[in-house]
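Following: one structure in structure tokens, then a few remarks.
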Amino acid sequence: MFPSAFGWLRWVKIARGCGMSGAVPPDSPPATRLRRPSWLDLRLVGGVLLVLVAVLVGGRVLASADQAVQVWAVQADLAAGTTLGAGDLRTVRVQLYDSAASYLAVAASPVGRTLLRALSAGDLLPRSALGETPAGSLVSIPVSPQHVPGSLRAGQRIDVYATAKPAAGAVAKTARVLAGVTVQQVRVPDAGVLSSTAQVAVVVRIDDSAAMSLVAAMRTADLDIAIAPPDRRGPVSTAALPVPVPPTPEQPDYASPEPIDSASASVSPSPRESR
């Protein structure tokens, strides 16, 4: 097949450019081939270094801004005079900034120390609220479940009432033998409160004089425990209060009868004499 007119013209132009006109065609530039990147590339190394520096600087900035510390907090409402136990405390992480030194860090355990003032549930434990265990005796008060609130727990303040066991025909009298003392522990028997002989043991810390009055009331009276109102903020060691003592059985009254006037007295005849 013969090429078309356009094809002839194209070949004529090519022939002219290839030497028929005497011109030398320029050399074609060498082809640039893409090379595979190498780990020794300075741009790659520089980029990696910039990323590492940014990460380190950002971490230092965040670490310096985070001043959170772990301190102790109380689990529930606790009254003044409560001897802290492990179950009364939990650890929290908070930011305290300049006031961090005022609170007890987790490095020091407050278990066994006594609160000098009342704290509410969730409050942080300040150093100023802690003191040494005051002098006094731990006394266990056995009470029937019917005579103690079911919601009673350690850390609450209670009043203890004693009702003397009266003699036959006497009126029972009730007196408050302890007021506003702090409960240190509540022990419920394993048999449960439904047992006929089950008793709840309420442990309090009181001074020696109050302990003597309380023990005397345990032996001579029936005890009842009431949760003290919030506004009753008595001292840690409550002074002894009067103990109701049951009256001793008295001997019958054998006093001589009053004299009878024989003149005014009338004697009824016996049935045998009336016959």
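Identifiers in this document derive from the order of the structure tokens: chains are assigned A, B, ..., residues are numbered from 1 separately in each chain, and ligands are numbered from 1 in order of occurrence.
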
Set the distance at 8 Å and use only C-alpha atoms: which residues neighbour Arg117 in chain A once local chain neighbours fewer than 4 positions away are removed? I'd like the list as an NGL selection string. :A and (79-81 or 129)

Take the residues that were just selected and, keeping all heavy atoms, output them as a CSV table (one decimal), in the first residue's frame.
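So the final result, stored in part35.csv, reads:
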chain,number,residue,atom,x,y,z
A,79,ALA,N,-17.6,10.8,112.4
A,79,ALA,CA,-17.6,11.8,113.5
A,79,ALA,C,-16.3,12.0,114.1
A,79,ALA,O,-15.4,11.1,114.0
A,79,ALA,CB,-18.7,11.4,114.5
A,80,ALA,N,-16.1,13.1,114.8
A,80,ALA,CA,-14.9,13.3,115.6
A,80,ALA,C,-14.7,12.2,116.6
A,80,ALA,O,-15.7,11.8,117.3
A,80,ALA,CB,-14.9,14.7,116.2
A,81,GLY,N,-13.5,11.7,116.8
A,81,GLY,CA,-13.2,10.7,117.7
A,81,GLY,C,-13.1,9.3,117.1
A,81,GLY,O,-12.8,8.3,117.8
A,129,ALA,N,-6.7,17.2,110.6
A,129,ALA,CA,-7.8,16.5,111.2
A,129,ALA,C,-7.4,15.2,111.9
A,129,ALA,O,-8.3,14.5,112.4
A,129,ALA,CB,-8.8,16.2,110.1

Neighbour list for range 222-228 of chain A as an MDAnalysis selection string, cut-off 8 Å, only C-alpha atoms, skip fewer than 6 positions in-chain: chainID A and resid 143 147:149 152 156:165 179:180

Could you write out the selected residues, including C-alpha atoms, as a compact mmCIF listing (two decimals), in the first residue's frame?
# COMPACT_ATOMS: atom_id res chain seq x y z
CA VAL A 143 -27.64 -4.82 122.79
CA HIS A 147 -32.92 -1.93 120.69
CA VAL A 148 -30.33 -0.67 118.19
CA PRO A 149 -30.91 1.04 114.81
CA LEU A 152 -25.85 1.99 112.79
CA GLN A 156 -21.57 7.69 113.99
CA ARG A 157 -22.36 9.29 117.35
CA ILE A 158 -24.80 7.55 119.66
CA ASP A 159 -26.66 8.04 122.93
CA VAL A 160 -27.01 5.11 125.33
CA TYR A 161 -30.11 4.88 127.53
CA ALA A 162 -30.56 2.54 130.48
CA THR A 163 -33.93 1.51 131.87
CA ALA A 164 -33.68 0.08 135.36
CA LYS A 165 -35.48 -3.16 136.04
CA ALA A 179 -24.26 11.05 125.18
CA GLY A 180 -22.64 11.74 121.83

Between A:Arg127, A:Arg187, A:Arg60, A:Arg205, single out the one closest to Gly150 in chain A, counting only C-alpha atoms.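 Closest to Gly150 in chain A of all the choices is A:Arg187.
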
Backbone DSSP call of strand (DSSP E or B) for range 47-245 of chain A, listed as a PDB file with N, CA and C atoms, in the first residue's frame:
ATOM      1  N   ALA A  68      -1.128  16.306  89.537  1.00  0.00           N
ATOM      2  CA  ALA A  68      -2.022  15.453  90.315  1.00  0.00           C
ATOM      3  C   ALA A  68      -1.224  14.552  91.249  1.00  0.00           C
ATOM      4  N   VAL A  69      -1.747  14.376  92.464  1.00  0.00           N
ATOM      5  CA  VAL A  69      -1.118  13.516  93.463  1.00  0.00           C
ATOM      6  C   VAL A  69      -2.186  12.593  94.034  1.00  0.00           C
ATOM      7  N   GLN A  70      -1.761  11.503  94.631  1.00  0.00           N
ATOM      8  CA  GLN A  70      -2.669  10.563  95.273  1.00  0.00           C
ATOM      9  C   GLN A  70      -2.704  10.837  96.770  1.00  0.00           C
ATOM     10  N   VAL A  71      -3.927  11.059  97.270  1.00  0.00           N
ATOM     11  CA  VAL A  71      -4.118  11.338  98.695  1.00  0.00           C
ATOM     12  C   VAL A  71      -5.247  10.460  99.218  1.00  0.00           C
ATOM     13  N   TRP A  72      -5.456  10.512 100.548  1.00  0.00           N
ATOM     14  CA  TRP A  72      -6.499   9.715 101.180  1.00  0.00           C
ATOM     15  C   TRP A  72      -7.806  10.504 101.242  1.00  0.00           C
ATOM     16  N   ALA A  73      -8.918   9.776 101.113  1.00  0.00           N
ATOM     17  CA  ALA A  73     -10.258  10.329 101.287  1.00  0.00           C
ATOM     18  C   ALA A  73     -11.072   9.339 102.114  1.00  0.00           C
ATOM     19  N   VAL A  74     -12.123   9.837 102.772  1.00  0.00           N
ATOM     20  CA  VAL A  74     -12.945   8.980 103.630  1.00  0.00           C
ATOM     21  C   VAL A  74     -14.102   8.417 102.822  1.00  0.00           C
ATOM     22  N   LEU A  78     -17.908  10.444 108.956  1.00  0.00           N
ATOM     23  CA  LEU A  78     -17.222  10.018 110.164  1.00  0.00           C
ATOM     24  C   LEU A  78     -17.248  11.146 111.184  1.00  0.00           C
ATOM     25  N   THR A  83     -11.627   6.269 115.315  1.00  0.00           N
ATOM     26  CA  THR A  83     -10.320   5.676 115.040  1.00  0.00           C
ATOM     27  C   THR A  83     -10.368   5.049 113.656  1.00  0.00           C
ATOM     28  N   LEU A  89     -11.274   4.263 104.457  1.00  0.00           N
ATOM     29  CA  LEU A  89     -10.439   5.096 103.594  1.00  0.00           C
ATOM     30  C   LEU A  89     -10.405   4.566 102.174  1.00  0.00           C
ATOM     31  N   ARG A  90     -10.097   5.469 101.249  1.00  0.00           N
ATOM     32  CA  ARG A  90      -9.828   5.112  99.855  1.00  0.00           C
ATOM     33  C   ARG A  90      -8.858   6.148  99.291  1.00  0.00           C
ATOM     34  N   THR A  91      -8.188   5.799  98.204  1.00  0.00           N
ATOM     35  CA  THR A  91      -7.218   6.702  97.592  1.00  0.00           C
ATOM     36  C   THR A  91      -7.850   7.377  96.373  1.00  0.00           C
ATOM     37  N   VAL A  92      -7.536   8.649  96.197  1.00  0.00           N
ATOM     38  CA  VAL A  92      -8.014   9.408  95.042  1.00  0.00           C
ATOM     39  C   VAL A  92      -6.836  10.178  94.453  1.00  0.00           C
ATOM     40  N   ARG A  93      -6.933  10.484  93.164  1.00  0.00           N
ATOM     41  CA  ARG A  93      -5.901  11.250  92.469  1.00  0.00           C
ATOM     42  C   ARG A  93      -6.497  12.614  92.115  1.00  0.00           C
ATOM     43  N   VAL A  94      -5.927  13.645  92.679  1.00  0.00           N
ATOM     44  CA  VAL A  94      -6.456  14.998  92.496  1.00  0.00           C
ATOM     45  C   VAL A  94      -5.293  15.969  92.272  1.00  0.00           C
ATOM     46  N   GLN A  95      -5.621  17.136  91.737  1.00  0.00           N
ATOM     47  CA  GLN A  95      -4.647  18.203  91.554  1.00  0.00           C
ATOM     48  C   GLN A  95      -4.836  19.212  92.679  1.00  0.00           C
ATOM     49  N   TYR A 103      -2.572  17.870 102.835  1.00  0.00           N
ATOM     50  CA  TYR A 103      -3.321  16.623 102.858  1.00  0.00           C
ATOM     51  C   TYR A 103      -2.350  15.450 102.943  1.00  0.00           C
ATOM     52  N   ALA A 105      -0.670  12.213 101.974  1.00  0.00           N
ATOM     53  CA  ALA A 105      -0.414  11.415 100.780  1.00  0.00           C
ATOM     54  C   ALA A 105      -0.498   9.930 101.119  1.00  0.00           C
ATOM     55  N   THR A 114      -6.805   8.960 114.998  1.00  0.00           N
ATOM     56  CA  THR A 114      -8.139   9.393 115.390  1.00  0.00           C
ATOM     57  C   THR A 114      -8.459  10.735 114.750  1.00  0.00           C
ATOM     58  N   LEU A 115      -9.715  10.878 114.317  1.00  0.00           N
ATOM     59  CA  LEU A 115     -10.170  12.141 113.753  1.00  0.00           C
ATOM     60  C   LEU A 115     -10.426  13.156 114.861  1.00  0.00           C
ATOM     61  N   LEU A 119     -15.826  14.498 109.356  1.00  0.00           N
ATOM     62  CA  LEU A 119     -15.625  14.563 107.914  1.00  0.00           C
ATOM     63  C   LEU A 119     -16.814  13.913 107.221  1.00  0.00           C
ATOM     64  N   LEU A 124     -11.438  14.833 101.380  1.00  0.00           N
ATOM     65  CA  LEU A 124     -10.023  14.500 101.485  1.00  0.00           C
ATOM     66  C   LEU A 124      -9.594  14.552 102.942  1.00  0.00           C
ATOM     67  N   PRO A 126      -7.305  15.788 105.580  1.00  0.00           N
ATOM     68  CA  PRO A 126      -6.246  16.760 105.871  1.00  0.00           C
ATOM     69  C   PRO A 126      -5.396  16.314 107.050  1.00  0.00           C
ATOM     70  N   LEU A 130      -6.107  14.926 111.920  1.00  0.00           N
ATOM     71  CA  LEU A 130      -5.645  13.679 112.512  1.00  0.00           C
ATOM     72  C   LEU A 130      -4.946  13.946 113.835  1.00  0.00           C
ATOM     73  N   GLY A 131      -5.166  13.065 114.781  1.00  0.00           N
ATOM     74  CA  GLY A 131      -4.508  13.146 116.073  1.00  0.00           C
ATOM     75  C   GLY A 131      -4.225  11.758 116.601  1.00  0.00           C
ATOM     76  N   SER A 137     -10.898   3.665 127.344  1.00  0.00           N
ATOM     77  CA  SER A 137     -11.052   2.224 127.201  1.00  0.00           C
ATOM     78  C   SER A 137     -12.063   1.925 126.109  1.00  0.00           C
ATOM     79  N   LEU A 138     -11.800   0.854 125.377  1.00  0.00           N
ATOM     80  CA  LEU A 138     -12.766   0.362 124.404  1.00  0.00           C
ATOM     81  C   LEU A 138     -13.746  -0.560 125.129  1.00  0.00           C
ATOM     82  N   VAL A 139     -15.004  -0.218 125.091  1.00  0.00           N
ATOM     83  CA  VAL A 139     -16.037  -0.984 125.789  1.00  0.00           C
ATOM     84  C   VAL A 139     -17.024  -1.496 124.752  1.00  0.00           C
ATOM     85  N   SER A 140     -17.337  -2.773 124.849  1.00  0.00           N
ATOM     86  CA  SER A 140     -18.316  -3.390 123.962  1.00  0.00           C
ATOM     87  C   SER A 140     -19.672  -3.412 124.661  1.00  0.00           C
ATOM     88  N   ILE A 141     -20.668  -2.853 124.013  1.00  0.00           N
ATOM     89  CA  ILE A 141     -22.016  -2.771 124.570  1.00  0.00           C
ATOM     90  C   ILE A 141     -22.884  -3.818 123.884  1.00  0.00           C
ATOM     91  N   PRO A 142     -23.294  -4.869 124.579  1.00  0.00           N
ATOM     92  CA  PRO A 142     -24.189  -5.856 123.967  1.00  0.00           C
ATOM     93  C   PRO A 142     -25.636  -5.364 124.031  1.00  0.00           C
ATOM     94  N   VAL A 143     -26.279  -5.322 122.881  1.00  0.00           N
ATOM     95  CA  VAL A 143     -27.638  -4.818 122.791  1.00  0.00           C
ATOM     96  C   VAL A 143     -28.446  -5.755 121.910  1.00  0.00           C
ATOM     97  N   ARG A 157     -22.237   8.981 115.927  1.00  0.00           N
ATOM     98  CA  ARG A 157     -22.363   9.289 117.348  1.00  0.00           C
ATOM     99  C   ARG A 157     -23.675   8.703 117.869  1.00  0.00           C
ATOM    100  N   ILE A 158     -23.619   8.199 119.092  1.00  0.00           N
ATOM    101  CA  ILE A 158     -24.796   7.552 119.664  1.00  0.00           C
ATOM    102  C   ILE A 158     -25.029   8.052 121.083  1.00  0.00           C
ATOM    103  N   ASP A 159     -26.270   7.894 121.532  1.00  0.00           N
ATOM    104  CA  ASP A 159     -26.657   8.043 122.931  1.00  0.00           C
ATOM    105  C   ASP A 159     -27.050   6.673 123.458  1.00  0.00           C
ATOM    106  N   VAL A 160     -26.688   6.394 124.700  1.00  0.00           N
ATOM    107  CA  VAL A 160     -27.013   5.111 125.333  1.00  0.00           C
ATOM    108  C   VAL A 160     -27.959   5.393 126.500  1.00  0.00           C
ATOM    109  N   TYR A 161     -29.096   4.728 126.481  1.00  0.00           N
ATOM    110  CA  TYR A 161     -30.109   4.882 127.526  1.00  0.00           C
ATOM    111  C   TYR A 161     -30.231   3.573 128.309  1.00  0.00           C
ATOM    112  N   ALA A 162     -30.416   3.701 129.595  1.00  0.00           N
ATOM    113  CA  ALA A 162     -30.558   2.544 130.482  1.00  0.00           C
ATOM    114  C   ALA A 162     -31.897   2.661 131.210  1.00  0.00           C
ATOM    115  N   THR A 163     -32.655   1.578 131.155  1.00  0.00           N
ATOM    116  CA  THR A 163     -33.931   1.510 131.869  1.00  0.00           C
ATOM    117  C   THR A 163     -33.793   0.484 132.975  1.00  0.00           C
ATOM    118  N   ALA A 164     -33.862   0.970 134.214  1.00  0.00           N
ATOM    119  CA  ALA A 164     -33.683   0.076 135.361  1.00  0.00           C
ATOM    120  C   ALA A 164     -34.825  -0.919 135.439  1.00  0.00           C
ATOM    121  N   THR A 174     -35.907   5.664 133.170  1.00  0.00           N
ATOM    122  CA  THR A 174     -34.876   5.628 132.136  1.00  0.00           C
ATOM    123  C   THR A 174     -33.952   6.823 132.298  1.00  0.00           C
ATOM    124  N   ALA A 175     -32.668   6.581 132.136  1.00  0.00           N
ATOM    125  CA  ALA A 175     -31.664   7.644 132.202  1.00  0.00           C
ATOM    126  C   ALA A 175     -30.687   7.475 131.060  1.00  0.00           C
ATOM    127  N   ARG A 176     -30.123   8.582 130.593  1.00  0.00           N
ATOM    128  CA  ARG A 176     -29.118   8.551 129.535  1.00  0.00           C
ATOM    129  C   ARG A 176     -27.751   8.434 130.193  1.00  0.00           C
ATOM    130  N   VAL A 177     -27.082   7.315 129.940  1.00  0.00           N
ATOM    131  CA  VAL A 177     -25.798   7.072 130.581  1.00  0.00           C
ATOM    132  C   VAL A 177     -24.614   7.514 129.731  1.00  0.00           C
ATOM    133  N   LEU A 178     -24.788   7.622 128.432  1.00  0.00           N
ATOM    134  CA  LEU A 178     -23.734   8.122 127.550  1.00  0.00           C
ATOM    135  C   LEU A 178     -24.388   9.024 126.507  1.00  0.00           C
ATOM    136  N   ALA A 179     -23.716  10.102 126.155  1.00  0.00           N
ATOM    137  CA  ALA A 179     -24.262  11.050 125.182  1.00  0.00           C
ATOM    138  C   ALA A 179     -23.186  11.423 124.169  1.00  0.00           C
ATOM    139  N   GLY A 180     -23.514  11.274 122.902  1.00  0.00           N
ATOM    140  CA  GLY A 180     -22.636  11.735 121.833  1.00  0.00           C
ATOM    141  C   GLY A 180     -21.314  11.023 121.726  1.00  0.00           C
ATOM    142  N   VAL A 181     -21.247   9.755 122.100  1.00  0.00           N
ATOM    143  CA  VAL A 181     -19.993   9.014 121.956  1.00  0.00           C
ATOM    144  C   VAL A 181     -19.892   8.458 120.536  1.00  0.00           C
ATOM    145  N   THR A 182     -18.669   8.271 120.074  1.00  0.00           N
ATOM    146  CA  THR A 182     -18.430   7.828 118.701  1.00  0.00           C
ATOM    147  C   THR A 182     -18.317   6.314 118.645  1.00  0.00           C
ATOM    148  N   VAL A 183     -19.020   5.716 117.714  1.00  0.00           N
ATOM    149  CA  VAL A 183     -18.966   4.267 117.519  1.00  0.00           C
ATOM    150  C   VAL A 183     -17.678   3.913 116.794  1.00  0.00           C
ATOM    151  N   GLN A 184     -16.915   3.005 117.369  1.00  0.00           N
ATOM    152  CA  GLN A 184     -15.672   2.555 116.755  1.00  0.00           C
ATOM    153  C   GLN A 184     -15.872   1.298 115.904  1.00  0.00           C
ATOM    154  N   GLN A 185     -16.828   0.486 116.276  1.00  0.00           N
ATOM    155  CA  GLN A 185     -17.052  -0.768 115.551  1.00  0.00           C
ATOM    156  C   GLN A 185     -18.434  -1.293 115.884  1.00  0.00           C
ATOM    157  N   VAL A 186     -19.040  -1.952 114.905  1.00  0.00           N
ATOM    158  CA  VAL A 186     -20.338  -2.616 115.093  1.00  0.00           C
ATOM    159  C   VAL A 186     -20.168  -4.052 114.643  1.00  0.00           C
ATOM    160  N   ARG A 187     -20.403  -4.989 115.560  1.00  0.00           N
ATOM    161  CA  ARG A 187     -20.250  -6.411 115.241  1.00  0.00           C
ATOM    162  C   ARG A 187     -21.620  -7.081 115.323  1.00  0.00           C
ATOM    163  N   VAL A 200     -26.163  -7.545 119.226  1.00  0.00           N
ATOM    164  CA  VAL A 200     -25.256  -6.701 118.458  1.00  0.00           C
ATOM    165  C   VAL A 200     -24.268  -6.060 119.424  1.00  0.00           C
ATOM    166  N   ALA A 201     -22.983  -6.131 119.101  1.00  0.00           N
ATOM    167  CA  ALA A 201     -21.936  -5.545 119.946  1.00  0.00           C
ATOM    168  C   ALA A 201     -21.519  -4.208 119.343  1.00  0.00           C
ATOM    169  N   VAL A 202     -21.732  -3.143 120.096  1.00  0.00           N
ATOM    170  CA  VAL A 202     -21.361  -1.796 119.679  1.00  0.00           C
ATOM    171  C   VAL A 202     -20.162  -1.365 120.523  1.00  0.00           C
ATOM    172  N   VAL A 203     -19.040  -1.102 119.864  1.00  0.00           N
ATOM    173  CA  VAL A 203     -17.797  -0.773 120.565  1.00  0.00           C
ATOM    174  C   VAL A 203     -17.611   0.739 120.560  1.00  0.00           C
ATOM    175  N   VAL A 204     -17.374   1.305 121.741  1.00  0.00           N
ATOM    176  CA  VAL A 204     -17.124   2.742 121.900  1.00  0.00           C
ATOM    177  C   VAL A 204     -15.865   2.932 122.733  1.00  0.00           C
ATOM    178  N   ARG A 205     -15.263   4.113 122.602  1.00  0.00           N
ATOM    179  CA  ARG A 205     -14.094   4.471 123.415  1.00  0.00           C
ATOM    180  C   ARG A 205     -14.511   5.572 124.384  1.00  0.00           C
ATOM    181  N   ILE A 206     -14.430   5.295 125.680  1.00  0.00           N
ATOM    182  CA  ILE A 206     -14.836   6.246 126.706  1.00  0.00           C
ATOM    183  C   ILE A 206     -13.799   6.239 127.827  1.00  0.00           C
ATOM    184  N   ALA A 221     -29.616  -2.918 134.161  1.00  0.00           N
ATOM    185  CA  ALA A 221     -30.675  -2.271 133.388  1.00  0.00           C
ATOM    186  C   ALA A 221     -30.676  -2.804 131.966  1.00  0.00           C
ATOM    187  N   ASP A 222     -31.762  -2.520 131.281  1.00  0.00           N
ATOM    188  CA  ASP A 222     -31.884  -2.817 129.859  1.00  0.00           C
ATOM    189  C   ASP A 222     -31.390  -1.606 129.080  1.00  0.00           C
ATOM    190  N   LEU A 223     -30.574  -1.853 128.048  1.00  0.00           N
ATOM    191  CA  LEU A 223     -29.939  -0.773 127.300  1.00  0.00           C
ATOM    192  C   LEU A 223     -30.607  -0.571 125.951  1.00  0.00           C
ATOM    193  N   ASP A 224     -30.683   0.680 125.550  1.00  0.00           N
ATOM    194  CA  ASP A 224     -31.151   1.068 124.224  1.00  0.00           C
ATOM    195  C   ASP A 224     -30.155   2.057 123.641  1.00  0.00           C
ATOM    196  N   ILE A 225     -29.939   1.950 122.324  1.00  0.00           N
ATOM    197  CA  ILE A 225     -28.991   2.817 121.633  1.00  0.00           C
ATOM    198  C   ILE A 225     -29.752   3.635 120.604  1.00  0.00           C
ATOM    199  N   ALA A 226     -29.481   4.930 120.601  1.00  0.00           N
ATOM    200  CA  ALA A 226     -30.085   5.847 119.633  1.00  0.00           C
ATOM    201  C   ALA A 226     -28.986   6.615 118.932  1.00  0.00           C
ATOM    202  N   ILE A 227     -29.156   6.851 117.629  1.00  0.00           N
ATOM    203  CA  ILE A 227     -28.198   7.661 116.881  1.00  0.00           C
ATOM    204  C   ILE A 227     -28.393   9.113 117.288  1.00  0.00           C
TER     205      ILE A 227
END

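Restricting the calculation to only C-alpha atoms, the smallest distance between Gln67 in chain A and any of A:Ser120, A:Ser109, A:Ser209, A:Ser99 is found for A:Ser99.
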
Pairwise distance, CA of Ser144 in chain A with CA of Thr220 in chain A, equals 15.3 Å

Using DSSP assignments from the backbone, pull out every residue in range 32-245 of chain A that falls under alpha helix (DSSP H) and give it to me as a tab-separated table (two decimals) with N, CA, C and O atoms, in the first residue's frame.
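What ended up in selection-v3.tsv:
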chain	number	residue	atom	x	y	z
A	42	LEU	N	19.48	12.60	53.98
A	42	LEU	CA	19.51	13.63	55.01
A	42	LEU	C	18.12	14.20	55.29
A	42	LEU	O	17.80	14.55	56.42
A	43	ARG	N	17.31	14.31	54.26
A	43	ARG	CA	15.97	14.84	54.48
A	43	ARG	C	15.12	13.89	55.34
A	43	ARG	O	14.37	14.32	56.22
A	44	LEU	N	15.27	12.60	55.12
A	44	LEU	CA	14.53	11.63	55.92
A	44	LEU	C	15.01	11.63	57.38
A	44	LEU	O	14.21	11.65	58.32
A	45	VAL	N	16.32	11.67	57.56
A	45	VAL	CA	16.88	11.71	58.91
A	45	VAL	C	16.45	12.97	59.65
A	45	VAL	O	16.08	12.96	60.82
A	46	GLY	N	16.48	14.09	58.96
A	46	GLY	CA	16.06	15.34	59.57
A	46	GLY	C	14.59	15.33	59.97
A	46	GLY	O	14.22	15.84	61.04
A	47	GLY	N	13.74	14.76	59.14
A	47	GLY	CA	12.32	14.68	59.49
A	47	GLY	C	12.07	13.82	60.71
A	47	GLY	O	11.24	14.16	61.58
A	48	VAL	N	12.78	12.68	60.80
A	48	VAL	CA	12.61	11.81	61.96
A	48	VAL	C	13.06	12.51	63.23
A	48	VAL	O	12.41	12.43	64.28
A	49	LEU	N	14.17	13.23	63.15
A	49	LEU	CA	14.66	13.96	64.33
A	49	LEU	C	13.68	15.03	64.76
A	49	LEU	O	13.46	15.25	65.97
A	50	LEU	N	13.07	15.72	63.84
A	50	LEU	CA	12.10	16.75	64.19
A	50	LEU	C	10.88	16.14	64.90
A	50	LEU	O	10.36	16.70	65.87
A	51	VAL	N	10.43	14.98	64.42
A	51	VAL	CA	9.29	14.32	65.07
A	51	VAL	C	9.65	13.90	66.49
A	51	VAL	O	8.87	14.09	67.44
A	52	LEU	N	10.83	13.33	66.69
A	52	LEU	CA	11.24	12.91	68.03
A	52	LEU	C	11.35	14.09	68.98
A	52	LEU	O	10.93	14.03	70.14
A	53	VAL	N	11.93	15.18	68.52
A	53	VAL	CA	12.05	16.36	69.36
A	53	VAL	C	10.68	16.90	69.75
A	53	VAL	O	10.44	17.29	70.90
A	54	ALA	N	9.74	16.91	68.82
A	54	ALA	CA	8.39	17.40	69.11
A	54	ALA	C	7.70	16.52	70.15
A	54	ALA	O	7.02	17.02	71.06
A	55	VAL	N	7.90	15.20	70.03
A	55	VAL	CA	7.27	14.29	71.00
A	55	VAL	C	7.85	14.49	72.39
A	55	VAL	O	7.13	14.54	73.40
A	56	LEU	N	9.17	14.60	72.50
A	56	LEU	CA	9.81	14.78	73.80
A	56	LEU	C	9.41	16.09	74.45
A	56	LEU	O	9.10	16.16	75.63
A	57	VAL	N	9.41	17.14	73.67
A	57	VAL	CA	9.04	18.46	74.22
A	57	VAL	C	7.58	18.46	74.66
A	57	VAL	O	7.23	18.97	75.74
A	58	GLY	N	6.70	17.85	73.88
A	58	GLY	CA	5.28	17.79	74.26
A	58	GLY	C	5.06	16.98	75.53
A	58	GLY	O	4.26	17.35	76.39
A	59	GLY	N	5.79	15.86	75.67
A	59	GLY	CA	5.68	15.06	76.88
A	59	GLY	C	6.15	15.81	78.11
A	59	GLY	O	5.53	15.72	79.19
A	60	ARG	N	7.24	16.55	77.99
A	60	ARG	CA	7.74	17.32	79.13
A	60	ARG	C	6.75	18.42	79.52
A	60	ARG	O	6.53	18.69	80.70
A	61	VAL	N	6.15	19.05	78.55
A	61	VAL	CA	5.18	20.11	78.84
A	61	VAL	C	3.96	19.55	79.55
A	61	VAL	O	3.47	20.10	80.54
A	62	LEU	N	3.45	18.40	79.07
A	62	LEU	CA	2.29	17.80	79.71
A	62	LEU	C	2.62	17.31	81.11
A	62	LEU	O	1.81	17.42	82.03
A	63	ALA	N	3.81	16.73	81.30
A	63	ALA	CA	4.20	16.25	82.63
A	63	ALA	C	4.33	17.39	83.61
A	63	ALA	O	3.95	17.27	84.79
A	64	SER	N	4.87	18.51	83.17
A	64	SER	CA	5.00	19.65	84.08
A	64	SER	C	3.65	20.27	84.41
A	64	SER	O	3.45	20.82	85.50
A	65	ALA	N	2.69	20.18	83.49
A	65	ALA	CA	1.36	20.74	83.75
A	65	ALA	C	0.52	19.84	84.64
A	65	ALA	O	-0.37	20.31	85.33
A	208	ASP	N	-12.46	6.23	131.88
A	208	ASP	CA	-12.64	5.18	132.88
A	208	ASP	C	-13.91	5.38	133.71
A	208	ASP	O	-14.61	4.41	134.01
A	209	SER	N	-14.20	6.61	134.08
A	209	SER	CA	-15.39	6.84	134.89
A	209	SER	C	-16.66	6.51	134.12
A	209	SER	O	-17.60	5.91	134.65
A	210	ALA	N	-16.70	6.90	132.84
A	210	ALA	CA	-17.87	6.55	132.02
A	210	ALA	C	-17.96	5.05	131.81
A	210	ALA	O	-19.05	4.49	131.74
A	211	ALA	N	-16.81	4.37	131.71
A	211	ALA	CA	-16.83	2.92	131.52
A	211	ALA	C	-17.42	2.22	132.74
A	211	ALA	O	-18.18	1.25	132.60
A	212	MET	N	-17.10	2.70	133.93
A	212	MET	CA	-17.66	2.08	135.13
A	212	MET	C	-19.17	2.25	135.19
A	212	MET	O	-19.91	1.32	135.52
A	213	SER	N	-19.64	3.45	134.86
A	213	SER	CA	-21.08	3.67	134.86
A	213	SER	C	-21.77	2.82	133.81
A	213	SER	O	-22.86	2.27	134.04
A	214	LEU	N	-21.14	2.68	132.65
A	214	LEU	CA	-21.75	1.90	131.57
A	214	LEU	C	-21.81	0.43	131.94
A	214	LEU	O	-22.82	-0.24	131.72
A	215	VAL	N	-20.73	-0.11	132.50
A	215	VAL	CA	-20.72	-1.53	132.88
A	215	VAL	C	-21.76	-1.79	133.96
A	215	VAL	O	-22.46	-2.82	133.94
A	216	ALA	N	-21.90	-0.86	134.91
A	216	ALA	CA	-22.93	-1.02	135.93
A	216	ALA	C	-24.32	-1.04	135.32
A	216	ALA	O	-25.19	-1.82	135.73
A	217	ALA	N	-24.54	-0.19	134.33
A	217	ALA	CA	-25.85	-0.18	133.67
A	217	ALA	C	-26.10	-1.46	132.91
A	217	ALA	O	-27.24	-1.93	132.82
A	218	MET	N	-25.05	-2.05	132.33
A	218	MET	CA	-25.23	-3.33	131.63
A	218	MET	C	-25.73	-4.42	132.57
A	218	MET	O	-26.50	-5.31	132.15
A	219	ARG	N	-25.29	-4.38	133.82
A	219	ARG	CA	-25.65	-5.45	134.77
A	219	ARG	C	-26.99	-5.21	135.45
A	219	ARG	O	-27.60	-6.16	135.93
A	220	THR	N	-27.45	-3.97	135.49
A	220	THR	CA	-28.64	-3.67	136.28
A	220	THR	C	-29.80	-3.12	135.47
A	220	THR	O	-30.86	-2.85	136.04

List as an mmCIF file with N, CA, C and O atoms, in the first residue's frame the protein and nucleic acid residues near Val111 in chain A, meaning an atom at most 8 Å away when only C-alpha atoms are counted, but skip any in the same chain fewer than 6 places from it.
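Saved to part_7.cif:
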data_model
loop_
_atom_site.group_PDB
_atom_site.id
_atom_site.type_symbol
_atom_site.label_atom_id
_atom_site.label_comp_id
_atom_site.auth_asym_id
_atom_site.auth_seq_id
_atom_site.Cartn_x
_atom_site.Cartn_y
_atom_site.Cartn_z
ATOM 1 N N THR A 83 -11.627 6.269 115.315
ATOM 2 C CA THR A 83 -10.320 5.676 115.040
ATOM 3 C C THR A 83 -10.368 5.049 113.656
ATOM 4 O O THR A 83 -11.147 4.140 113.409
ATOM 5 N N LEU A 84 -9.558 5.539 112.746
ATOM 6 C CA LEU A 84 -9.653 5.150 111.342
ATOM 7 C C LEU A 84 -9.203 3.714 111.137
ATOM 8 O O LEU A 84 -8.206 3.260 111.709
ATOM 9 N N GLY A 85 -9.964 3.025 110.299
ATOM 10 C CA GLY A 85 -9.604 1.681 109.866
ATOM 11 C C GLY A 85 -9.446 1.646 108.358
ATOM 12 O O GLY A 85 -9.746 2.621 107.652
ATOM 13 N N ALA A 86 -8.980 0.515 107.848
ATOM 14 C CA ALA A 86 -8.749 0.405 106.404
ATOM 15 C C ALA A 86 -10.044 0.560 105.619
ATOM 16 O O ALA A 86 -10.044 1.082 104.498
#
